[in-house]
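A.B. asks: The structure that follows is given in the form of structure tokens.
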Amino acid sequence: MTFRIPFNKAYIAGPELEYAAHVLKNLSTSGDGVYSKRCQSLLERTFHAKKVLLTTSCTSALEMAVMLCDLKPGDEVILPSFTFVSSANAFVRQGIQPRFVDIRPDTKNIDESLIEEAITDKTRAIMPVHYAGVACEMDSIKRIAKTYQLRIIEDAAQGANARYKGSYLGTIGDLGAYSFHETKNYSCGEGGALLINDERLIDRSEIIREKGTDRSRFSRGEVDKYTWIDVGSSFLPSDILAALLFAQLEALDEINTRRKAIYDYYLRELAPLADEGLIELPIIPSECETNFHMFYVLVKDLAERVGLLEHLKSKKILAVSHYVPLHNSPMGRALGCNGKSLPVTEDVSERLLRLPFYVDLTHSDLQLVRDEIFSFFGHH
Ligand SMILES: *Cc1c(COP(=O)(O)O)cnc(C)c1O
């Protein structure tokens, strides 16, 4: 089925093809080339990050982060169940047991007031996931991590260019991870970045990313040959993808401004339905500056969500739901994570609907989405 208004569309900032052509012309297409370095230093400069390494995805950045924290099979991590599978997979593939915690009804982020009761003598890390580019309550999470000596790995897949009390998401914990997947604000198709905020982990992060070798040091002329010195894998993207990403990162402000206009339109135009109690709209605490990653509404119940989704689909508009809570998923059950119910997670996952959101959405597209939502609720 083709949609008149799809859920997502990749955005082309302008110079993507030109930059990719530079890479091809120089016949230097592997990782850590000119454009990878440009992306990394732009991200470090703009977000005040100590060290940024491009990766093939946010998934691989999260995997690297877990490897860097030296967690062992049998250790435990605390994270929300209302998240994408990659948040949990990064730990589970290393034999680390997830402990899922419920979310806050306002931000849909991990409920910081429930973290302490989930801590056991095996807990080693907390993974806050900044849902929709709105920050978790990081001061409280940092305080808990300090008390219990836990690592903080931020899943900031949706959070590039968003802030908490002035600090950019991804730069607040020990490590942070961004996604540059097609569906995220800044994208190169498939890509990501690892932010290393604990300086003691920087050297090892370069080694793990380069197949467990000191090839990064060799490339800088610091050693005269490179060799196998640690575990690792291949986590670096081709410079062709970095060239596409650099074009997007140069347009950071423009993309943010245009996404804000879409967000503001939905928020303003749907307010009357919220005033009548028909839907709930996103809530952003004053200490959080969002990057306008997504716009969602919450309807009355699952049946109403199915109805609204189908109504929009019949008008060739694609809205999507997520997440199937991880604690109740087949893998979550196999890991024994479904013992306790997480009421807010279960409720939100049945009622949340994400509306079409991409930079090139026109005013008339937005009007159509608005009008069809109103008509579903019997309004004009
Ligand atoms: C998109 C996303 C990921 C995965 O990002 P990839 O770059 O596709 O690996 C992980 N966590 C969250 C919360 C995401 O939204």
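By order of appearance in the structure tokens: chains A, B, ..., then residues from 1 within every chain, and ligands from 1 in the order shown.
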Set the distance at 8 Å and use only C-alpha atoms: which residues neighbour region 318-321 of chain A once local chain neighbours fewer than 6 positions away are removed? I'd like the list as a PDB file with all heavy atoms, in the first residue's frame.
C.D. replies:
ATOM      1  N   PHE A   3       1.197   5.298   0.625  1.00  0.00           N
ATOM      2  CA  PHE A   3       0.505   6.281   1.439  1.00  0.00           C
ATOM      3  C   PHE A   3       0.653   7.673   0.839  1.00  0.00           C
ATOM      4  O   PHE A   3       1.707   8.032   0.321  1.00  0.00           O
ATOM      5  CB  PHE A   3       1.050   6.244   2.871  1.00  0.00           C
ATOM      6  CG  PHE A   3       0.642   4.994   3.592  1.00  0.00           C
ATOM      7  CD1 PHE A   3       1.460   3.871   3.587  1.00  0.00           C
ATOM      8  CD2 PHE A   3      -0.582   4.924   4.236  1.00  0.00           C
ATOM      9  CE1 PHE A   3       1.076   2.711   4.229  1.00  0.00           C
ATOM     10  CE2 PHE A   3      -0.985   3.768   4.878  1.00  0.00           C
ATOM     11  CZ  PHE A   3      -0.161   2.657   4.872  1.00  0.00           C
ATOM     12  N   ILE A   5       0.382  10.226   2.774  1.00  0.00           N
ATOM     13  CA  ILE A   5       1.262  10.769   3.803  1.00  0.00           C
ATOM     14  C   ILE A   5       1.877   9.602   4.569  1.00  0.00           C
ATOM     15  O   ILE A   5       1.235   8.996   5.420  1.00  0.00           O
ATOM     16  CB  ILE A   5       0.489  11.703   4.768  1.00  0.00           C
ATOM     17  CG1 ILE A   5      -0.204  12.801   3.964  1.00  0.00           C
ATOM     18  CG2 ILE A   5       1.436  12.292   5.804  1.00  0.00           C
ATOM     19  CD1 ILE A   5      -1.041  13.750   4.785  1.00  0.00           C
ATOM     20  N   PRO A   6       3.141   9.253   4.231  1.00  0.00           N
ATOM     21  CA  PRO A   6       3.792   8.146   4.928  1.00  0.00           C
ATOM     22  C   PRO A   6       4.126   8.558   6.354  1.00  0.00           C
ATOM     23  O   PRO A   6       3.974   9.731   6.722  1.00  0.00           O
ATOM     24  CB  PRO A   6       5.053   7.893   4.116  1.00  0.00           C
ATOM     25  CG  PRO A   6       5.352   9.190   3.464  1.00  0.00           C
ATOM     26  CD  PRO A   6       4.034   9.888   3.271  1.00  0.00           C
ATOM     27  N   PHE A   7       4.587   7.616   7.141  1.00  0.00           N
ATOM     28  CA  PHE A   7       4.952   7.928   8.519  1.00  0.00           C
ATOM     29  C   PHE A   7       6.271   8.697   8.564  1.00  0.00           C
ATOM     30  O   PHE A   7       6.444   9.630   9.336  1.00  0.00           O
ATOM     31  CB  PHE A   7       5.060   6.639   9.333  1.00  0.00           C
ATOM     32  CG  PHE A   7       5.610   6.870  10.697  1.00  0.00           C
ATOM     33  CD1 PHE A   7       4.880   7.587  11.632  1.00  0.00           C
ATOM     34  CD2 PHE A   7       6.869   6.397  11.048  1.00  0.00           C
ATOM     35  CE1 PHE A   7       5.394   7.841  12.892  1.00  0.00           C
ATOM     36  CE2 PHE A   7       7.385   6.641  12.301  1.00  0.00           C
ATOM     37  CZ  PHE A   7       6.643   7.359  13.220  1.00  0.00           C
ATOM     38  N   LEU A 309      -6.120   4.371  13.867  1.00  0.00           N
ATOM     39  CA  LEU A 309      -5.086   3.944  12.928  1.00  0.00           C
ATOM     40  C   LEU A 309      -5.718   3.497  11.592  1.00  0.00           C
ATOM     41  O   LEU A 309      -5.255   3.877  10.513  1.00  0.00           O
ATOM     42  CB  LEU A 309      -4.301   2.798  13.575  1.00  0.00           C
ATOM     43  CG  LEU A 309      -2.903   2.536  13.111  1.00  0.00           C
ATOM     44  CD1 LEU A 309      -2.061   2.022  14.270  1.00  0.00           C
ATOM     45  CD2 LEU A 309      -2.861   1.524  11.987  1.00  0.00           C
ATOM     46  N   LEU A 312      -7.171   6.505   9.632  1.00  0.00           N
ATOM     47  CA  LEU A 312      -6.115   7.252   8.937  1.00  0.00           C
ATOM     48  C   LEU A 312      -5.600   6.451   7.737  1.00  0.00           C
ATOM     49  O   LEU A 312      -5.385   7.000   6.651  1.00  0.00           O
ATOM     50  CB  LEU A 312      -4.971   7.584   9.902  1.00  0.00           C
ATOM     51  CG  LEU A 312      -5.325   8.573  11.023  1.00  0.00           C
ATOM     52  CD1 LEU A 312      -4.177   8.692  12.022  1.00  0.00           C
ATOM     53  CD2 LEU A 312      -5.668   9.950  10.452  1.00  0.00           C
ATOM     54  N   SER A 349       1.565   1.538  26.068  1.00  0.00           N
ATOM     55  CA  SER A 349       1.848   0.795  24.840  1.00  0.00           C
ATOM     56  C   SER A 349       0.556   0.451  24.078  1.00  0.00           C
ATOM     57  O   SER A 349       0.593   0.213  22.876  1.00  0.00           O
ATOM     58  CB  SER A 349       2.646  -0.472  25.142  1.00  0.00           C
ATOM     59  OG  SER A 349       1.813  -1.422  25.745  1.00  0.00           O
ATOM     60  N   LEU A 352      -0.840   4.580  22.726  1.00  0.00           N
ATOM     61  CA  LEU A 352      -0.015   5.596  22.062  1.00  0.00           C
ATOM     62  C   LEU A 352      -0.019   5.414  20.541  1.00  0.00           C
ATOM     63  O   LEU A 352       0.085   4.307  20.035  1.00  0.00           O
ATOM     64  CB  LEU A 352       1.413   5.525  22.616  1.00  0.00           C
ATOM     65  CG  LEU A 352       2.418   6.580  22.168  1.00  0.00           C
ATOM     66  CD1 LEU A 352       3.315   6.996  23.333  1.00  0.00           C
ATOM     67  CD2 LEU A 352       3.283   6.077  21.021  1.00  0.00           C
ATOM     68  N   LEU A 353      -0.139   6.539  19.843  1.00  0.00           N
ATOM     69  CA  LEU A 353      -0.079   6.522  18.382  1.00  0.00           C
ATOM     70  C   LEU A 353       0.835   7.649  17.912  1.00  0.00           C
ATOM     71  O   LEU A 353       0.659   8.812  18.300  1.00  0.00           O
ATOM     72  CB  LEU A 353      -1.487   6.717  17.793  1.00  0.00           C
ATOM     73  CG  LEU A 353      -1.604   6.435  16.296  1.00  0.00           C
ATOM     74  CD1 LEU A 353      -1.359   4.965  15.985  1.00  0.00           C
ATOM     75  CD2 LEU A 353      -2.970   6.857  15.777  1.00  0.00           C
ATOM     76  N   ARG A 354       1.824   7.288  17.097  1.00  0.00           N
ATOM     77  CA  ARG A 354       2.765   8.291  16.552  1.00  0.00           C
ATOM     78  C   ARG A 354       2.232   8.806  15.225  1.00  0.00           C
ATOM     79  O   ARG A 354       1.871   8.020  14.350  1.00  0.00           O
ATOM     80  CB  ARG A 354       4.143   7.656  16.340  1.00  0.00           C
ATOM     81  CG  ARG A 354       4.795   7.188  17.616  1.00  0.00           C
ATOM     82  CD  ARG A 354       6.115   6.496  17.326  1.00  0.00           C
ATOM     83  NE  ARG A 354       7.083   7.405  16.708  1.00  0.00           N
ATOM     84  CZ  ARG A 354       8.299   7.042  16.319  1.00  0.00           C
ATOM     85  NH1 ARG A 354       8.695   5.788  16.464  1.00  0.00           N
ATOM     86  NH2 ARG A 354       9.121   7.910  15.791  1.00  0.00           N
ATOM     87  N   LEU A 355       2.219  10.112  15.076  1.00  0.00           N
ATOM     88  CA  LEU A 355       1.704  10.724  13.840  1.00  0.00           C
ATOM     89  C   LEU A 355       2.826  10.913  12.827  1.00  0.00           C
ATOM     90  O   LEU A 355       4.005  10.964  13.203  1.00  0.00           O
ATOM     91  CB  LEU A 355       1.062  12.079  14.179  1.00  0.00           C
ATOM     92  CG  LEU A 355      -0.075  12.018  15.206  1.00  0.00           C
ATOM     93  CD1 LEU A 355      -0.668  13.409  15.409  1.00  0.00           C
ATOM     94  CD2 LEU A 355      -1.153  11.018  14.780  1.00  0.00           C
ATOM     95  N   PRO A 356       2.479  11.019  11.530  1.00  0.00           N
ATOM     96  CA  PRO A 356       3.511  11.235  10.508  1.00  0.00           C
ATOM     97  C   PRO A 356       4.409  12.406  10.900  1.00  0.00           C
ATOM     98  O   PRO A 356       3.896  13.441  11.359  1.00  0.00           O
ATOM     99  CB  PRO A 356       2.704  11.569   9.251  1.00  0.00           C
ATOM    100  CG  PRO A 356       1.374  10.915   9.469  1.00  0.00           C
ATOM    101  CD  PRO A 356       1.126  10.998  10.947  1.00  0.00           C
TER     102      PRO A 356
END
A.B. asks: Could you report the residues within 6 Å of ligand 1, using only C-alpha atoms and all ligand atoms, as a list in words?
C.D. replies: Ser57, Cys58, Thr59, Thr83, Phe84, Ser86, Ser87, Val129, Asp155, Ala157, Gln158, Ser179, Phe180, His181, Glu190, Gly191 and Gly192 of chain A
A.B. asks: Write out the residues from the selection above, keeping all heavy atoms, as a compact mmCIF listing (two decimals), in the first residue's frame.
C.D. replies:
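Dumped to out_36.txt:
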# COMPACT_ATOMS: atom_id res chain seq x y z
N SER A 57 25.72 1.77 13.75
CA SER A 57 24.34 1.96 14.20
C SER A 57 24.37 2.35 15.67
O SER A 57 25.41 2.25 16.33
CB SER A 57 23.53 0.66 14.05
OG SER A 57 24.08 -0.35 14.88
N CYS A 58 23.21 2.74 16.18
CA CYS A 58 23.10 2.96 17.63
C CYS A 58 23.20 1.61 18.34
O CYS A 58 23.79 1.50 19.41
CB CYS A 58 21.79 3.65 17.97
SG CYS A 58 21.55 3.94 19.72
N THR A 59 22.63 0.58 17.72
CA THR A 59 22.72 -0.76 18.28
C THR A 59 24.17 -1.13 18.55
O THR A 59 24.51 -1.60 19.64
CB THR A 59 22.08 -1.77 17.29
OG1 THR A 59 20.73 -1.39 17.07
CG2 THR A 59 22.13 -3.19 17.82
N THR A 83 10.86 0.45 25.43
CA THR A 83 11.98 0.90 24.61
C THR A 83 12.16 -0.06 23.44
O THR A 83 11.48 -1.08 23.33
CB THR A 83 13.28 0.98 25.43
OG1 THR A 83 14.34 1.51 24.60
CG2 THR A 83 13.73 -0.38 25.96
N PHE A 84 13.10 0.30 22.56
CA PHE A 84 13.44 -0.54 21.41
C PHE A 84 14.31 -1.70 21.88
O PHE A 84 15.03 -1.58 22.88
CB PHE A 84 14.19 0.33 20.39
CG PHE A 84 14.42 -0.35 19.07
CD1 PHE A 84 13.36 -0.80 18.30
CD2 PHE A 84 15.71 -0.55 18.60
CE1 PHE A 84 13.57 -1.43 17.09
CE2 PHE A 84 15.93 -1.17 17.38
CZ PHE A 84 14.88 -1.61 16.63
N SER A 86 17.05 -2.94 21.02
CA SER A 86 18.51 -2.80 21.08
C SER A 86 19.01 -2.40 22.46
O SER A 86 20.12 -2.76 22.86
CB SER A 86 18.99 -1.77 20.05
OG SER A 86 18.71 -2.25 18.76
N SER A 87 18.19 -1.64 23.20
CA SER A 87 18.59 -1.23 24.56
C SER A 87 18.89 -2.47 25.40
O SER A 87 19.89 -2.53 26.11
CB SER A 87 17.48 -0.42 25.24
OG SER A 87 16.86 0.48 24.37
N VAL A 129 16.67 5.68 28.81
CA VAL A 129 16.35 5.84 27.38
C VAL A 129 15.57 7.14 27.25
O VAL A 129 14.51 7.30 27.88
CB VAL A 129 15.48 4.66 26.87
CG1 VAL A 129 15.16 4.83 25.39
CG2 VAL A 129 16.19 3.32 27.11
N ASP A 155 20.83 5.59 26.41
CA ASP A 155 20.34 5.30 25.06
C ASP A 155 19.71 6.60 24.56
O ASP A 155 18.55 6.89 24.83
CB ASP A 155 19.33 4.15 25.07
CG ASP A 155 18.84 3.81 23.66
OD1 ASP A 155 19.00 4.67 22.75
OD2 ASP A 155 18.29 2.72 23.45
N ALA A 157 19.41 7.34 21.40
CA ALA A 157 19.15 7.08 19.97
C ALA A 157 18.26 8.17 19.38
O ALA A 157 18.48 8.63 18.26
CB ALA A 157 18.47 5.72 19.80
N GLN A 158 17.26 8.59 20.16
CA GLN A 158 16.30 9.60 19.67
C GLN A 158 16.67 10.99 20.15
O GLN A 158 15.94 11.95 19.89
CB GLN A 158 14.89 9.24 20.17
CG GLN A 158 14.45 7.84 19.79
CD GLN A 158 13.11 7.44 20.41
OE1 GLN A 158 12.42 8.25 21.00
NE2 GLN A 158 12.75 6.17 20.24
N SER A 179 21.54 7.43 17.34
CA SER A 179 21.22 6.70 16.11
C SER A 179 21.11 7.67 14.95
O SER A 179 20.52 8.74 15.10
CB SER A 179 19.90 5.95 16.25
OG SER A 179 19.53 5.40 15.00
N PHE A 180 21.68 7.28 13.82
CA PHE A 180 21.49 8.04 12.58
C PHE A 180 20.76 7.19 11.54
O PHE A 180 21.02 7.24 10.35
CB PHE A 180 22.84 8.55 12.05
CG PHE A 180 23.58 9.42 13.05
CD1 PHE A 180 24.85 9.08 13.48
CD2 PHE A 180 22.98 10.56 13.57
CE1 PHE A 180 25.52 9.86 14.42
CE2 PHE A 180 23.63 11.35 14.51
CZ PHE A 180 24.92 11.00 14.93
N HIS A 181 19.84 6.37 12.06
CA HIS A 181 18.96 5.56 11.20
C HIS A 181 18.04 6.48 10.40
O HIS A 181 17.79 7.62 10.81
CB HIS A 181 18.14 4.62 12.09
CG HIS A 181 17.26 3.69 11.33
ND1 HIS A 181 15.93 3.95 11.09
CD2 HIS A 181 17.54 2.50 10.75
CE1 HIS A 181 15.42 2.96 10.38
NE2 HIS A 181 16.37 2.06 10.16
N GLU A 190 21.73 4.03 7.79
CA GLU A 190 22.06 3.24 8.97
C GLU A 190 23.34 3.83 9.54
O GLU A 190 24.35 3.93 8.83
CB GLU A 190 22.33 1.77 8.61
CG GLU A 190 21.18 1.04 7.93
CD GLU A 190 20.13 0.52 8.90
OE1 GLU A 190 20.31 0.64 10.12
OE2 GLU A 190 19.10 0.00 8.42
N GLY A 191 23.32 4.22 10.81
CA GLY A 191 24.53 4.78 11.41
C GLY A 191 24.29 5.13 12.85
O GLY A 191 23.15 5.12 13.33
N GLY A 192 25.37 5.44 13.56
CA GLY A 192 25.23 5.80 14.97
C GLY A 192 26.52 6.42 15.47
O GLY A 192 27.47 6.63 14.70
A.B. asks: Mind checking which residues fall within 12 Å of Leu53 (chain A), counting only C-alpha atoms, ignoring those fewer than 6 positions away in the same chain, and posting them as an mmCIF file with N, CA and C atoms, in the first residue's frame?
C.D. replies:
data_model
loop_
_atom_site.group_PDB
_atom_site.id
_atom_site.type_symbol
_atom_site.label_atom_id
_atom_site.label_comp_id
_atom_site.auth_asym_id
_atom_site.auth_seq_id
_atom_site.Cartn_x
_atom_site.Cartn_y
_atom_site.Cartn_z
ATOM 1 N N GLY A 31 36.388 3.116 6.808
ATOM 2 C CA GLY A 31 36.027 3.906 7.984
ATOM 3 C C GLY A 31 37.116 4.879 8.408
ATOM 4 N N ASP A 32 36.733 5.847 9.246
ATOM 5 C CA ASP A 32 37.663 6.833 9.803
ATOM 6 C C ASP A 32 38.387 7.654 8.751
ATOM 7 N N SER A 36 34.363 11.011 8.271
ATOM 8 C CA SER A 36 34.135 10.470 9.621
ATOM 9 C C SER A 36 34.730 11.421 10.647
ATOM 10 N N LYS A 37 35.940 11.895 10.373
ATOM 11 C CA LYS A 37 36.612 12.811 11.307
ATOM 12 C C LYS A 37 35.842 14.118 11.408
ATOM 13 N N ARG A 38 35.342 14.597 10.263
ATOM 14 C CA ARG A 38 34.561 15.846 10.283
ATOM 15 C C ARG A 38 33.291 15.688 11.118
ATOM 16 N N CYS A 39 32.598 14.564 10.932
ATOM 17 C CA CYS A 39 31.376 14.327 11.718
ATOM 18 C C CYS A 39 31.705 14.286 13.203
ATOM 19 N N GLN A 40 32.759 13.538 13.546
ATOM 20 C CA GLN A 40 33.091 13.365 14.959
ATOM 21 C C GLN A 40 33.463 14.692 15.601
ATOM 22 N N SER A 41 34.261 15.517 14.893
ATOM 23 C CA SER A 41 34.635 16.769 15.558
ATOM 24 C C SER A 41 33.471 17.751 15.582
ATOM 25 N N LEU A 42 32.596 17.715 14.575
ATOM 26 C CA LEU A 42 31.398 18.566 14.638
ATOM 27 C C LEU A 42 30.532 18.184 15.840
ATOM 28 N N LEU A 43 30.347 16.884 16.056
ATOM 29 C CA LEU A 43 29.524 16.420 17.185
ATOM 30 C C LEU A 43 30.187 16.778 18.515
ATOM 31 N N GLU A 44 31.506 16.597 18.592
ATOM 32 C CA GLU A 44 32.220 16.928 19.842
ATOM 33 C C GLU A 44 32.105 18.415 20.152
ATOM 34 N N SER A 60 25.058 -0.882 17.575
ATOM 35 C CA SER A 60 26.467 -1.259 17.778
ATOM 36 C C SER A 60 27.140 -0.330 18.789
ATOM 37 N N ALA A 61 26.719 0.932 18.856
ATOM 38 C CA ALA A 61 27.283 1.836 19.873
ATOM 39 C C ALA A 61 26.901 1.352 21.274
ATOM 40 N N MET A 64 29.050 -1.645 22.112
ATOM 41 C CA MET A 64 30.391 -1.190 22.515
ATOM 42 C C MET A 64 30.375 -0.661 23.940
ATOM 43 N N ALA A 65 29.346 0.117 24.263
ATOM 44 C CA ALA A 65 29.255 0.725 25.598
ATOM 45 C C ALA A 65 29.230 -0.358 26.670
ATOM 46 N N LEU A 175 28.623 6.861 29.309
ATOM 47 C CA LEU A 175 28.640 6.644 27.864
ATOM 48 C C LEU A 175 27.258 6.984 27.313
ATOM 49 N N GLY A 176 27.219 7.375 26.041
ATOM 50 C CA GLY A 176 25.931 7.669 25.410
ATOM 51 C C GLY A 176 25.947 7.179 23.975
ATOM 52 N N ALA A 177 24.768 6.937 23.420
ATOM 53 C CA ALA A 177 24.700 6.411 22.050
ATOM 54 C C ALA A 177 23.617 7.146 21.260
ATOM 55 N N TYR A 178 23.968 7.545 20.028
ATOM 56 C CA TYR A 178 23.026 8.175 19.098
ATOM 57 C C TYR A 178 22.724 7.224 17.949
ATOM 58 N N GLY A 191 23.320 4.219 10.806
ATOM 59 C CA GLY A 191 24.531 4.780 11.410
ATOM 60 C C GLY A 191 24.289 5.129 12.854
ATOM 61 N N GLY A 192 25.368 5.437 13.561
ATOM 62 C CA GLY A 192 25.233 5.797 14.966
ATOM 63 C C GLY A 192 26.518 6.418 15.465
ATOM 64 N N ALA A 193 26.537 6.735 16.762
ATOM 65 C CA ALA A 193 27.747 7.273 17.372
ATOM 66 C C ALA A 193 27.774 6.868 18.830
ATOM 67 N N LEU A 194 29.009 6.630 19.302
ATOM 68 C CA LEU A 194 29.226 6.376 20.730
ATOM 69 C C LEU A 194 29.879 7.615 21.318
ATOM 70 N N LEU A 195 29.338 8.099 22.430
ATOM 71 C CA LEU A 195 29.934 9.230 23.150
ATOM 72 C C LEU A 195 30.596 8.676 24.403
ATOM 73 N N ILE A 196 31.892 8.953 24.544
ATOM 74 C CA ILE A 196 32.637 8.423 25.684
ATOM 75 C C ILE A 196 32.925 9.597 26.610
ATOM 76 N N ASN A 197 32.207 9.635 27.730
ATOM 77 C CA ASN A 197 32.309 10.774 28.644
ATOM 78 C C ASN A 197 33.253 10.505 29.809
ATOM 79 N N ILE A 202 38.340 6.006 26.903
ATOM 80 C CA ILE A 202 38.532 6.454 25.517
ATOM 81 C C ILE A 202 39.487 5.543 24.743
ATOM 82 N N ASP A 203 40.658 5.249 25.310
ATOM 83 C CA ASP A 203 41.642 4.436 24.576
ATOM 84 C C ASP A 203 41.049 3.077 24.201
ATOM 85 N N ARG A 204 40.383 2.460 25.172
ATOM 86 C CA ARG A 204 39.847 1.118 24.916
ATOM 87 C C ARG A 204 38.700 1.166 23.901
ATOM 88 N N SER A 205 37.959 2.284 23.873
ATOM 89 C CA SER A 205 36.847 2.371 22.921
ATOM 90 C C SER A 205 37.364 2.330 21.482
ATOM 91 N N GLU A 206 38.509 2.956 21.246
ATOM 92 C CA GLU A 206 39.089 2.928 19.894
ATOM 93 C C GLU A 206 39.541 1.524 19.509
ATOM 94 N N ILE A 207 40.008 0.784 20.501
ATOM 95 C CA ILE A 207 40.515 -0.576 20.248
ATOM 96 C C ILE A 207 39.360 -1.546 19.963
ATOM 97 N N ILE A 208 38.322 -1.483 20.808
ATOM 98 C CA ILE A 208 37.164 -2.370 20.618
ATOM 99 C C ILE A 208 36.532 -2.129 19.255
ATOM 100 N N ARG A 209 36.480 -0.855 18.845
ATOM 101 C CA ARG A 209 35.841 -0.494 17.569
ATOM 102 C C ARG A 209 36.641 -0.970 16.362
ATOM 103 N N GLU A 210 37.966 -1.145 16.537
ATOM 104 C CA GLU A 210 38.859 -1.550 15.445
ATOM 105 C C GLU A 210 39.301 -3.003 15.607
ATOM 106 N N SER A 216 43.933 2.472 15.412
ATOM 107 C CA SER A 216 43.726 3.926 15.469
ATOM 108 C C SER A 216 45.028 4.632 15.824
ATOM 109 N N PHE A 235 33.109 -1.936 14.193
ATOM 110 C CA PHE A 235 31.988 -1.059 14.515
ATOM 111 C C PHE A 235 32.029 0.253 13.740
ATOM 112 N N LEU A 236 32.949 0.403 12.767
ATOM 113 C CA LEU A 236 33.052 1.719 12.123
ATOM 114 C C LEU A 236 32.405 1.729 10.742
ATOM 115 N N PRO A 237 31.684 2.808 10.431
ATOM 116 C CA PRO A 237 30.993 2.871 9.143
ATOM 117 C C PRO A 237 31.918 3.353 8.029
ATOM 118 N N ALA A 242 29.492 8.406 6.196
ATOM 119 C CA ALA A 242 29.856 9.580 6.988
ATOM 120 C C ALA A 242 29.685 10.856 6.164
#
A.B. asks: Quick one, how far is CA of Ala135 (chain A) from CA of Asp111 (chain A)?
C.D. replies: 11.8 Å
A.B. asks: For CA of Gly159 (chain A) and CA of His327 (chain A), quote the distance in Å rounded to one decimal.
C.D. replies: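 Separating CA of Gly159 (chain A) from CA of His327 (chain A) is a distance of 23.3 Å.
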A.B. asks: Nearest to Ala88 (chain A) among A:His130, A:Lys313, A:Leu335, A:Tyr19, with distances taken over only C-alpha atoms: which residue is it?
C.D. replies: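 Ranked by minimum distance to Ala88 (chain A), first place goes to A:Leu335.
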A.B. asks: Closest to Phe377 (chain A) among A:Asp347, A:Glu287, A:Glu276, A:Glu76, using only C-alpha atoms?
C.D. replies: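 Distance minimum relative to Phe377 (chain A) lands on A:Glu276.
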A.B. asks: Using only C-alpha atoms, determine which residues lie at most 8 Å from Ile110 (chain A), disregarding the query and same-chain residues fewer than 5 positions distant; provide the list as a PDB file with C-alpha atoms, in the first residue's frame.
C.D. replies:
ATOM      1  CA  LEU A  79      16.257  -0.147  32.112  1.00  0.00           C
ATOM      2  CA  PRO A  80      12.718   0.636  30.952  1.00  0.00           C
ATOM      3  CA  VAL A 101      11.313  -0.712  35.490  1.00  0.00           C
ATOM      4  CA  ASP A 102       8.058   1.135  34.752  1.00  0.00           C
ATOM      5  CA  ILE A 103       7.890   4.549  33.076  1.00  0.00           C
ATOM      6  CA  ARG A 104       6.548   7.951  34.109  1.00  0.00           C
ATOM      7  CA  PRO A 128      18.109   5.641  30.757  1.00  0.00           C
ATOM      8  CA  VAL A 129      16.347   5.840  27.377  1.00  0.00           C
ATOM      9  CA  CYS A 136      15.073  11.293  31.674  1.00  0.00           C
TER      10      CYS A 136
END
A.B. asks: Restricting the calculation to only C-alpha atoms: of A:Leu366, A:Val92, A:Leu62, A:Leu270, which residue gets closest to Val77 (chain A)?
C.D. replies: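 Distance minimum relative to Val77 (chain A) lands on A:Val92.
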A.B. asks: Could you please write out, as a ChimeraX atom specification, every residue of region 282-367 of chain A that DSSP assigns to helix (DSSP H, G or I)?
C.D. replies: /A:302-314,326-328,330-334,343-351,363-367
A.B. asks: Determine the nearest neighbour of Gly173 (chain A) from the options A:Gly378, A:Ala125, A:Thr345, A:Gln367, counting only C-alpha atoms.
C.D. replies: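 Once distances to Gly173 (chain A) are computed over only C-alpha atoms, the minimum belongs to A:Ala125.
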A.B. asks: CA of Ser187 (chain A) and CA of Asp239 (chain A), how far apart in Å?
C.D. replies: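 We find that CA of Asp239 (chain A) and CA of Ser187 (chain A) lie 13.9 Å from each other.
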A.B. asks: Assign secondary structure with DSSP using the backbone only, and return the residues of region 185-238 of chain A in strand (DSSP E or B) as number ranges by chain.
C.D. replies: A: 192-196, 210, 213, 228, 234
A.B. asks: Which is closest to Leu326 (chain A) among A:Asp106, A:Glu346, A:Glu304, A:Asp371, if we use only C-alpha atoms?
C.D. replies: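 Of A:Asp106, A:Glu346, A:Glu304, A:Asp371, the one nearest Leu326 (chain A), counting only C-alpha atoms, is A:Glu346.
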A.B. asks: For Ala247 (chain A), please output as a ChimeraX atom specification all residues within 8 Å (counting only C-alpha atoms; exclusion window: fewer than 3 positions along the same chain).
C.D. replies: /A:13-16,19,243-244,250-251
A.B. asks: Can you list, as a list in words, every protein, DNA or RNA residue that comes within 10 Å of Tyr148 (chain A) when you count only C-alpha atoms, leaving out same-chain residues fewer than 6 positions away?
C.D. replies: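 Listed by chain and then number, they are Glu116, Ile119, Thr120, Asp121, Thr123, Arg124 and Ala125 of chain A.
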A.B. asks: Residues at most 10 Å from Ile172 (chain A), counting only C-alpha atoms, excluding those fewer than 2 positions away in the same chain, as a list in words?
C.D. replies: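 After dropping sequence-adjacent residues, the list is Ala49, Met138, Asp139, Lys142, Ile152, Ile153, Glu154, Arg163, Tyr164, Ser167, Tyr168, Leu169, Gly170, Asp174, Leu175, Gly176, Leu195, Ile196, Asn197 and Asp198 of chain A.
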A.B. asks: Pick from A:Phe47, A:Tyr265, A:Tyr323, A:Phe357: nearest to Lys9 (chain A), with only C-alpha atoms counted?
C.D. replies: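 Of the candidates, the smallest distance to Lys9 (chain A) is held by A:Phe357.
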